[in-house]
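The file my_file14.cif comes next; it holds mmCIF, C-alpha atoms and all ligand atoms; chains and numbers go by the auth columns.
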```
data_structure
loop_
_atom_site.group_PDB
_atom_site.id
_atom_site.type_symbol
_atom_site.label_atom_id
_atom_site.label_comp_id
_atom_site.label_asym_id
_atom_site.label_seq_id
_atom_site.Cartn_x
_atom_site.Cartn_y
_atom_site.Cartn_z
_atom_site.B_iso_or_equiv
_atom_site.auth_seq_id
_atom_site.auth_asym_id
ATOM 1 C CA MET A 1 18.270 -3.194 -12.522 0.00 1 A
ATOM 2 C CA SER A 2 14.629 -3.861 -11.747 0.00 2 A
ATOM 3 C CA LEU A 3 12.866 -1.599 -9.274 0.00 3 A
ATOM 4 C CA ASN A 4 9.919 -3.193 -7.498 0.00 4 A
ATOM 5 C CA LEU A 5 8.632 -1.026 -4.708 0.00 5 A
ATOM 6 C CA PHE A 6 5.867 -1.278 -2.158 0.00 6 A
ATOM 7 C CA ILE A 7 4.561 1.519 0.030 0.00 7 A
ATOM 8 C CA ILE A 8 2.520 0.878 3.134 0.00 8 A
ATOM 9 C CA GLY A 9 1.134 2.877 6.012 0.00 9 A
ATOM 10 C CA PRO A 10 -2.146 3.527 7.790 0.00 10 A
ATOM 11 C CA SER A 11 -5.198 4.639 5.876 0.00 11 A
ATOM 12 C CA GLY A 12 -4.983 8.368 5.219 0.00 12 A
ATOM 13 C CA CYS A 13 -1.188 8.516 5.717 0.00 13 A
ATOM 14 C CA GLY A 14 -0.550 9.914 2.232 0.00 14 A
ATOM 15 C CA LYS A 15 0.903 6.783 0.651 0.00 15 A
ATOM 16 C CA SER A 16 -0.974 7.284 -2.621 0.00 16 A
ATOM 17 C CA THR A 17 0.391 10.812 -2.932 0.00 17 A
ATOM 18 C CA GLN A 18 3.946 9.557 -2.401 0.00 18 A
ATOM 19 C CA ALA A 19 3.420 6.561 -4.696 0.00 19 A
ATOM 20 C CA LYS A 20 2.319 8.876 -7.519 0.00 20 A
ATOM 21 C CA LEU A 21 5.369 11.117 -7.097 0.00 21 A
ATOM 22 C CA ILE A 22 7.740 8.139 -6.949 0.00 22 A
ATOM 23 C CA ALA A 23 6.112 6.518 -9.988 0.00 23 A
ATOM 24 C CA GLU A 24 6.511 9.713 -11.973 0.00 24 A
ATOM 25 C CA LYS A 25 10.132 10.312 -11.004 0.00 25 A
ATOM 26 C CA TYR A 26 11.338 6.744 -11.568 0.00 26 A
ATOM 27 C CA HIS A 27 9.002 5.877 -14.476 0.00 27 A
ATOM 28 C CA LEU A 28 7.190 3.125 -12.612 0.00 28 A
ATOM 29 C CA SER A 29 3.728 1.703 -13.101 0.00 29 A
ATOM 30 C CA HIS A 30 1.607 2.560 -10.098 0.00 30 A
ATOM 31 C CA LEU A 31 -0.867 0.081 -8.661 0.00 31 A
ATOM 32 C CA SER A 32 -3.051 1.016 -5.700 0.00 32 A
ATOM 33 C CA MET A 33 -4.468 -2.011 -3.924 0.00 33 A
ATOM 34 C CA GLY A 34 -7.334 -0.017 -2.425 0.00 34 A
ATOM 35 C CA GLN A 35 -8.183 1.498 -5.812 0.00 35 A
ATOM 36 C CA LEU A 36 -8.044 -1.886 -7.570 0.00 36 A
ATOM 37 C CA LEU A 37 -10.504 -3.190 -4.995 0.00 37 A
ATOM 38 C CA ARG A 38 -12.803 -0.189 -5.389 0.00 38 A
ATOM 39 C CA ASP A 39 -12.730 -0.592 -9.183 0.00 39 A
ATOM 40 C CA LYS A 40 -13.744 -4.235 -8.846 0.00 40 A
ATOM 41 C CA ILE A 41 -16.505 -3.283 -6.398 0.00 41 A
ATOM 42 C CA GLY A 42 -17.768 -0.692 -8.875 0.00 42 A
ATOM 43 C CA SER A 43 -18.023 -3.338 -11.587 0.00 43 A
ATOM 44 C CA ASP A 44 -20.829 -5.060 -9.622 0.00 44 A
ATOM 45 C CA SER A 45 -19.600 -8.602 -10.416 0.00 45 A
ATOM 46 C CA PRO A 46 -19.892 -11.526 -7.961 0.00 46 A
ATOM 47 C CA LEU A 47 -16.255 -10.858 -6.969 0.00 47 A
ATOM 48 C CA GLY A 48 -17.102 -7.163 -6.497 0.00 48 A
ATOM 49 C CA LYS A 49 -19.959 -8.032 -4.141 0.00 49 A
ATOM 50 C CA LYS A 50 -17.682 -10.249 -2.074 0.00 50 A
ATOM 51 C CA LEU A 51 -15.058 -7.498 -1.844 0.00 51 A
ATOM 52 C CA LYS A 52 -17.616 -4.856 -0.889 0.00 52 A
ATOM 53 C CA PHE A 53 -18.541 -6.864 2.181 0.00 53 A
ATOM 54 C CA TYR A 54 -14.995 -6.504 3.566 0.00 54 A
ATOM 55 C CA VAL A 55 -14.031 -3.058 2.314 0.00 55 A
ATOM 56 C CA ASP A 56 -17.208 -1.341 3.571 0.00 56 A
ATOM 57 C CA GLN A 57 -16.474 -2.574 7.074 0.00 57 A
ATOM 58 C CA GLY A 58 -12.818 -1.600 6.982 0.00 58 A
ATOM 59 C CA ILE A 59 -11.631 -5.174 7.432 0.00 59 A
ATOM 60 C CA TRP A 60 -8.905 -6.876 5.412 0.00 60 A
ATOM 61 C CA VAL A 61 -9.921 -8.678 2.289 0.00 61 A
ATOM 62 C CA PRO A 62 -8.815 -12.357 2.511 0.00 62 A
ATOM 63 C CA ASP A 63 -5.370 -13.017 1.075 0.00 63 A
ATOM 64 C CA ASP A 64 -6.490 -15.407 -1.680 0.00 64 A
ATOM 65 C CA LEU A 65 -8.692 -12.697 -3.231 0.00 65 A
ATOM 66 C CA ILE A 66 -5.966 -10.062 -2.849 0.00 66 A
ATOM 67 C CA PHE A 67 -3.368 -12.304 -4.517 0.00 67 A
ATOM 68 C CA GLU A 68 -5.698 -13.089 -7.408 0.00 68 A
ATOM 69 C CA ILE A 69 -6.352 -9.403 -8.090 0.00 69 A
ATOM 70 C CA LEU A 70 -2.766 -8.236 -7.633 0.00 70 A
ATOM 71 C CA LEU A 71 -1.145 -10.961 -9.735 0.00 71 A
ATOM 72 C CA LEU A 72 -3.572 -10.323 -12.568 0.00 72 A
ATOM 73 C CA GLU A 73 -2.472 -6.676 -12.624 0.00 73 A
ATOM 74 C CA LEU A 74 1.240 -7.425 -12.195 0.00 74 A
ATOM 75 C CA ASN A 75 1.099 -9.856 -15.123 0.00 75 A
ATOM 76 C CA LYS A 76 -0.284 -7.102 -17.310 0.00 76 A
ATOM 77 C CA LEU A 77 2.854 -5.038 -16.635 0.00 77 A
ATOM 78 C CA HIS A 78 5.187 -7.589 -18.254 0.00 78 A
ATOM 79 C CA ASN A 79 8.653 -6.346 -17.372 0.00 79 A
ATOM 80 C CA GLU A 80 7.890 -2.785 -16.323 0.00 80 A
ATOM 81 C CA ASN A 81 9.117 -1.608 -12.955 0.00 81 A
ATOM 82 C CA PHE A 82 6.354 -0.829 -10.504 0.00 82 A
ATOM 83 C CA ILE A 83 5.233 0.551 -7.179 0.00 83 A
ATOM 84 C CA VAL A 84 2.294 -0.972 -5.324 0.00 84 A
ATOM 85 C CA ASP A 85 0.588 1.054 -2.630 0.00 85 A
ATOM 86 C CA GLY A 86 -1.401 -0.563 0.161 0.00 86 A
ATOM 87 C CA PHE A 87 0.285 -3.955 -0.051 0.00 87 A
ATOM 88 C CA PRO A 88 1.516 -5.954 1.912 0.00 88 A
ATOM 89 C CA ARG A 89 -0.874 -5.325 4.799 0.00 89 A
ATOM 90 C CA VAL A 90 -0.045 -8.529 6.630 0.00 90 A
ATOM 91 C CA LEU A 91 3.167 -10.554 6.842 0.00 91 A
ATOM 92 C CA ASN A 92 1.700 -13.438 4.874 0.00 92 A
ATOM 93 C CA GLN A 93 1.160 -11.081 1.917 0.00 93 A
ATOM 94 C CA GLY A 94 4.749 -9.869 2.234 0.00 94 A
ATOM 95 C CA LYS A 95 6.187 -13.388 2.222 0.00 95 A
ATOM 96 C CA PHE A 96 3.988 -14.331 -0.705 0.00 96 A
ATOM 97 C CA ILE A 97 5.104 -11.439 -2.917 0.00 97 A
ATOM 98 C CA GLU A 98 8.740 -11.815 -1.900 0.00 98 A
ATOM 99 C CA HIS A 99 8.647 -15.452 -3.003 0.00 99 A
ATOM 100 C CA TYR A 100 6.712 -14.659 -6.179 0.00 100 A
ATOM 101 C CA LEU A 101 9.162 -11.960 -7.301 0.00 101 A
ATOM 102 C CA THR A 102 12.205 -14.077 -6.421 0.00 102 A
ATOM 103 C CA GLU A 103 10.845 -16.846 -8.659 0.00 103 A
ATOM 104 C CA LEU A 104 10.550 -14.322 -11.476 0.00 104 A
ATOM 105 C CA GLN A 105 14.120 -13.171 -10.811 0.00 105 A
ATOM 106 C CA LYS A 106 12.841 -9.672 -10.178 0.00 106 A
ATOM 107 C CA PRO A 107 13.490 -9.533 -6.439 0.00 107 A
ATOM 108 C CA LEU A 108 11.534 -7.204 -4.229 0.00 108 A
ATOM 109 C CA SER A 109 13.536 -3.966 -3.982 0.00 109 A
ATOM 110 C CA LEU A 110 12.067 -2.160 -0.996 0.00 110 A
ATOM 111 C CA ILE A 111 9.049 -1.760 1.236 0.00 111 A
ATOM 112 C CA ILE A 112 8.589 1.865 2.233 0.00 112 A
ATOM 113 C CA HIS A 113 6.723 2.285 5.484 0.00 113 A
ATOM 114 C CA LEU A 114 5.158 5.703 5.900 0.00 114 A
ATOM 115 C CA ASP A 115 5.031 6.073 9.638 0.00 115 A
ATOM 116 C CA VAL A 116 2.239 8.457 10.624 0.00 116 A
ATOM 117 C CA THR A 117 0.592 8.686 14.020 0.00 117 A
ATOM 118 C CA PHE A 118 -3.132 8.209 14.395 0.00 118 A
ATOM 119 C CA GLU A 119 -3.297 11.723 15.913 0.00 119 A
ATOM 120 C CA GLU A 120 -1.705 13.226 12.799 0.00 120 A
ATOM 121 C CA ILE A 121 -4.171 11.416 10.536 0.00 121 A
ATOM 122 C CA MET A 122 -7.081 12.701 12.612 0.00 122 A
ATOM 123 C CA THR A 123 -5.667 16.253 12.509 0.00 123 A
ATOM 124 C CA ARG A 124 -5.331 16.106 8.723 0.00 124 A
ATOM 125 C CA ARG A 125 -8.842 14.786 8.364 0.00 125 A
ATOM 126 C CA ALA A 126 -10.251 17.541 10.536 0.00 126 A
ATOM 127 C CA ARG A 127 -8.321 20.169 8.577 0.00 127 A
ATOM 128 C CA LEU A 128 -9.432 18.901 5.207 0.00 128 A
ATOM 129 C CA GLY A 129 -12.988 18.262 6.354 0.00 129 A
ATOM 130 C CA GLN A 130 -15.338 17.349 3.550 0.00 130 A
ATOM 131 C CA LYS A 131 -12.646 17.635 0.913 0.00 131 A
ATOM 132 C CA PHE A 132 -10.991 14.574 2.391 0.00 132 A
ATOM 133 C CA GLN A 133 -14.075 12.509 1.794 0.00 133 A
ATOM 134 C CA ASP A 134 -13.705 10.724 -1.480 0.00 134 A
ATOM 135 C CA ALA A 135 -17.255 10.419 -2.810 0.00 135 A
ATOM 136 C CA ALA A 136 -16.454 6.979 -4.246 0.00 136 A
ATOM 137 C CA ARG A 137 -15.477 5.630 -0.841 0.00 137 A
ATOM 138 C CA THR A 138 -18.082 4.047 1.383 0.00 138 A
ATOM 139 C CA ASP A 139 -15.574 3.013 4.056 0.00 139 A
ATOM 140 C CA ASN A 140 -14.846 6.385 5.636 0.00 140 A
ATOM 141 C CA THR A 141 -17.262 6.059 8.540 0.00 141 A
ATOM 142 C CA PRO A 142 -15.659 6.583 11.976 0.00 142 A
ATOM 143 C CA GLU A 143 -16.317 2.896 12.758 0.00 143 A
ATOM 144 C CA ALA A 144 -14.514 1.686 9.620 0.00 144 A
ATOM 145 C CA VAL A 145 -11.606 4.071 10.249 0.00 145 A
ATOM 146 C CA ALA A 146 -11.212 2.898 13.855 0.00 146 A
ATOM 147 C CA LYS A 147 -11.356 -0.740 12.803 0.00 147 A
ATOM 148 C CA ARG A 148 -8.716 -0.240 10.114 0.00 148 A
ATOM 149 C CA GLN A 149 -6.466 1.524 12.612 0.00 149 A
ATOM 150 C CA ALA A 150 -6.710 -1.307 15.141 0.00 150 A
ATOM 151 C CA SER A 151 -5.925 -4.025 12.600 0.00 151 A
ATOM 152 C CA TYR A 152 -3.147 -1.871 11.184 0.00 152 A
ATOM 153 C CA ASN A 153 -1.358 -1.740 14.510 0.00 153 A
ATOM 154 C CA ASP A 154 -1.604 -5.510 14.914 0.00 154 A
ATOM 155 C CA THR A 155 -0.159 -6.288 11.526 0.00 155 A
ATOM 156 C CA ILE A 156 2.558 -3.726 10.837 0.00 156 A
ATOM 157 C CA ASN A 157 5.075 -4.897 13.423 0.00 157 A
ATOM 158 C CA PRO A 158 5.602 -8.430 12.060 0.00 158 A
ATOM 159 C CA ILE A 159 6.067 -6.945 8.564 0.00 159 A
ATOM 160 C CA LYS A 160 8.611 -4.450 9.864 0.00 160 A
ATOM 161 C CA GLU A 161 10.560 -7.071 11.794 0.00 161 A
ATOM 162 C CA TYR A 162 10.657 -9.558 8.938 0.00 162 A
ATOM 163 C CA PHE A 163 11.753 -7.133 6.215 0.00 163 A
ATOM 164 C CA SER A 164 14.113 -5.108 8.415 0.00 164 A
ATOM 165 C CA SER A 165 16.272 -8.169 8.919 0.00 165 A
ATOM 166 C CA SER A 166 16.916 -8.395 5.173 0.00 166 A
ATOM 167 C CA GLY A 167 17.364 -4.612 4.859 0.00 167 A
ATOM 168 C CA LYS A 168 14.257 -4.356 2.670 0.00 168 A
ATOM 169 C CA LEU A 169 12.287 -2.052 4.912 0.00 169 A
ATOM 170 C CA PHE A 170 12.611 1.716 4.885 0.00 170 A
ATOM 171 C CA ASP A 171 10.833 3.522 7.675 0.00 171 A
ATOM 172 C CA VAL A 172 10.120 7.153 6.895 0.00 172 A
ATOM 173 C CA ASP A 173 8.650 9.756 9.226 0.00 173 A
ATOM 174 C CA GLY A 174 5.365 10.609 7.538 0.00 174 A
ATOM 175 C CA ASN A 175 4.291 13.239 10.074 0.00 175 A
ATOM 176 C CA ARG A 176 5.714 15.944 7.812 0.00 176 A
ATOM 177 C CA PRO A 177 4.777 17.781 4.626 0.00 177 A
ATOM 178 C CA VAL A 178 4.811 15.905 1.308 0.00 178 A
ATOM 179 C CA ASP A 179 8.118 17.313 0.070 0.00 179 A
ATOM 180 C CA PRO A 180 10.604 16.318 2.793 0.00 180 A
ATOM 181 C CA ILE A 181 9.052 12.852 2.936 0.00 181 A
ATOM 182 C CA PHE A 182 9.470 12.496 -0.819 0.00 182 A
ATOM 183 C CA GLN A 183 13.092 13.707 -0.641 0.00 183 A
ATOM 184 C CA ASP A 184 13.943 11.076 1.993 0.00 184 A
ATOM 185 C CA ILE A 185 12.378 8.322 -0.078 0.00 185 A
ATOM 186 C CA CYS A 186 14.247 9.438 -3.225 0.00 186 A
ATOM 187 C CA GLN A 187 17.524 9.502 -1.347 0.00 187 A
ATOM 188 C CA LYS A 188 16.971 5.928 -0.196 0.00 188 A
ATOM 189 C CA ILE A 189 16.034 4.740 -3.693 0.00 189 A
ATOM 190 C CA ASN A 190 19.049 6.488 -5.209 0.00 190 A
ATOM 191 C CA GLU A 191 21.349 4.815 -2.687 0.00 191 A
ATOM 192 C CA MET A 192 20.063 1.417 -3.793 0.00 192 A
ATOM 193 C CA ARG A 193 20.707 1.960 -7.499 0.00 193 A
HETATM 194 P P1 LIG B . -6.950 1.804 1.313 0.00 201 A
HETATM 195 O O1 LIG B . -7.505 2.535 0.127 0.00 201 A
HETATM 196 O O2 LIG B . -5.514 1.423 1.123 0.00 201 A
HETATM 197 O O3 LIG B . -7.208 2.501 2.600 0.00 201 A
HETATM 198 O O4 LIG B . -7.749 0.423 1.398 0.00 201 A
HETATM 199 C C1 LIG B . -9.159 0.396 1.596 0.00 201 A
HETATM 200 C C2 LIG B . -9.647 -0.989 2.026 0.00 201 A
HETATM 201 O O5 LIG B . -9.301 -1.961 1.038 0.00 201 A
HETATM 202 C C3 LIG B . -9.054 -1.537 3.305 0.00 201 A
HETATM 203 O O6 LIG B . -9.761 -1.104 4.433 0.00 201 A
HETATM 204 C C4 LIG B . -9.214 -3.035 3.127 0.00 201 A
HETATM 205 O O7 LIG B . -10.551 -3.457 3.373 0.00 201 A
HETATM 206 C C5 LIG B . -8.955 -3.213 1.664 0.00 201 A
HETATM 207 N N1 LIG B . -7.535 -3.477 1.353 0.00 201 A
HETATM 208 C C6 LIG B . -6.665 -2.647 0.694 0.00 201 A
HETATM 209 N N2 LIG B . -5.475 -3.209 0.545 0.00 201 A
HETATM 210 C C7 LIG B . -5.565 -4.452 1.113 0.00 201 A
HETATM 211 C C8 LIG B . -4.652 -5.540 1.282 0.00 201 A
HETATM 212 N N3 LIG B . -3.379 -5.493 0.855 0.00 201 A
HETATM 213 N N4 LIG B . -5.113 -6.648 1.937 0.00 201 A
HETATM 214 C C9 LIG B . -6.371 -6.736 2.385 0.00 201 A
HETATM 215 N N5 LIG B . -7.283 -5.746 2.256 0.00 201 A
HETATM 216 C C10 LIG B . -6.889 -4.618 1.622 0.00 201 A
#
```
Output the file's structure as structure tokens, nothing else.
Amino acid sequence: MSLNLFIIGPSGCGKSTQAKLIAEKYHLSHLSMGQLLRDKIGSDSPLGKKLKFYVDQGIWVPDDLIFEILLLELNKLHNENFIVDGFPRVLNQGKFIEHYLTELQKPLSLIIHLDVTFEEIMTRRARLGQKFQDAARTDNTPEAVAKRQASYNDTINPIKEYFSSSGKLFDVDGNRPVDPIFQDICQKINEMR
């Protein structure tokens, strides 16, 4: 049975940490949307310059660019199972990938939503201080963080509503240490298999 997972949640919620653990346990390829974008930005191509404009400000990259980048990477995987972190960010992206995977007869398995409060993210940031700051990231200014948070709140609810109705959304309380969150996610995945 194919396993095609997506993990979403606000910036700094720990989704990459969970995605890595899940990928390791279930032998999945791990794609991070944010990292793919940063890699492209680092390459200094015309596409990279376009992406930098959005990412530096903490605003969503337009869907057509996101789809182009993601599909290119998914095609490289051939038939491997995968987990994508940081996608879908808006409902349109969710509908697009659902349709795309259905056409390939590898239906979307699950969208894991890591539910973490803004307060918790701020507390973690304060605790980690400088260590939290990834030197490669230019979008960690307070303005960019606040902007991402505001657009996050606007976009998550339609995604949750749409995928809940087909049972493809798993909401997990992310305001906890890594381990119990991971255990809950594994339990859900195991139930599906
Ligand atoms: P992240 O590393 O997941 O926090 O993403 C960093 C930045 O990349 C975001 O602030 C957006 O500008 C951009 N980004 C990441 N994923 C997406 C996506 N699925 N759609 C649009 N923009 C995205």
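Closest to ligand LIG 201 (chain A) among A:Phe53, A:Trp60, A:Phe6, A:Tyr26 is A:Trp60, based on all atoms listed in the file.
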| query | Which value, in Å to one decimal, gives the distance between CA of Asn79 in chain A and CA of Leu31 in chain A? | reply | 14.4 Å
| task | Rank A:Ile69, A:Ile7, A:Val178, A:Leu91 by their smallest atom-to-atom distance to Pro158 in chain A, using all atoms listed in the file, and report the top residue only. | result |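 Checking each candidate against Pro158 in chain A, we get A:Leu91 as the closest.
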Hey, which bits of chain A sit within 10 Å of ligand LIG 201 (chain A), and for each residue what's the closest pair of atoms and how far apart in Å (one decimal), counting all atoms listed in the file, rows by chain and increasing number, as a tab-separated table?
```
residue	atom	partner	partner_atom	distance
A:Ile8	CA	A:LIG201	O2	8.3
A:Gly9	CA	A:LIG201	O2	8.4
A:Pro10	CA	A:LIG201	O3	7.3
A:Ser11	CA	A:LIG201	O3	4.4
A:Gly12	CA	A:LIG201	O3	6.8
A:Cys13	CA	A:LIG201	O3	9.1
A:Gly14	CA	A:LIG201	O2	9.9
A:Lys15	CA	A:LIG201	O2	8.4
A:Ser16	CA	A:LIG201	O2	8.3
A:Ser32	CA	A:LIG201	O2	7.3
A:Met33	CA	A:LIG201	N2	4.7
A:Gly34	CA	A:LIG201	O1	3.6
A:Gln35	CA	A:LIG201	O1	6.1
A:Leu36	CA	A:LIG201	C6	8.4
A:Leu37	CA	A:LIG201	O5	6.3
A:Arg38	CA	A:LIG201	O5	7.5
A:Leu51	CA	A:LIG201	O7	8.0
A:Lys52	CA	A:LIG201	O7	8.4
A:Phe53	CA	A:LIG201	O7	8.8
A:Tyr54	CA	A:LIG201	O7	5.4
A:Val55	CA	A:LIG201	O7	3.7
A:Asp56	CA	A:LIG201	O7	7.0
A:Gln57	CA	A:LIG201	O7	7.0
A:Gly58	CA	A:LIG201	O6	4.0
A:Ile59	CA	A:LIG201	O7	4.5
A:Trp60	CA	A:LIG201	N5	3.7
A:Val61	CA	A:LIG201	N5	3.9
A:Pro62	CA	A:LIG201	C9	6.1
A:Asp63	CA	A:LIG201	N4	6.4
A:Asp64	CA	A:LIG201	N4	9.6
A:Leu65	CA	A:LIG201	C9	8.5
A:Ile66	CA	A:LIG201	N4	5.9
A:Phe67	CA	A:LIG201	N3	8.7
A:Leu70	CA	A:LIG201	N3	8.9
A:Val84	CA	A:LIG201	N3	9.5
A:Asp85	CA	A:LIG201	O2	7.2
A:Gly86	CA	A:LIG201	O2	4.7
A:Phe87	CA	A:LIG201	N3	4.1
A:Pro88	CA	A:LIG201	N3	5.0
A:Arg89	CA	A:LIG201	N3	4.7
A:Val90	CA	A:LIG201	N4	7.2
A:Gln93	CA	A:LIG201	N3	7.3
A:Gly94	CA	A:LIG201	N3	9.3
A:Arg137	CA	A:LIG201	C1	8.6
A:Thr138	CA	A:LIG201	C1	9.6
A:Asp139	CA	A:LIG201	O6	7.1
A:Asn140	CA	A:LIG201	O3	9.1
A:Ala144	CA	A:LIG201	O6	7.6
A:Val145	CA	A:LIG201	O6	8.0
A:Lys147	CA	A:LIG201	O6	8.5
A:Arg148	CA	A:LIG201	O6	5.8
A:Gln149	CA	A:LIG201	O6	9.2
A:Ser151	CA	A:LIG201	O6	9.5
A:Tyr152	CA	A:LIG201	O6	9.5
```
| task | Starting from the displayed file, determine the output of the PyMOL selection byres (((chain A and resi 100-114) around 10) and not hetatm) and express the residue list as JSON, numbers by chain. | result | {"A": [1, 2, 3, 4, 5, 6, 7, 8, 9, 10, 13, 14, 15, 18, 19, 71, 79, 81, 83, 84, 85, 87, 88, 94, 95, 96, 97, 98, 99, 115, 116, 117, 156, 159, 160, 163, 164, 167, 168, 169, 170, 171, 172, 173, 174, 175, 181, 185, 188, 189, 192, 193]}
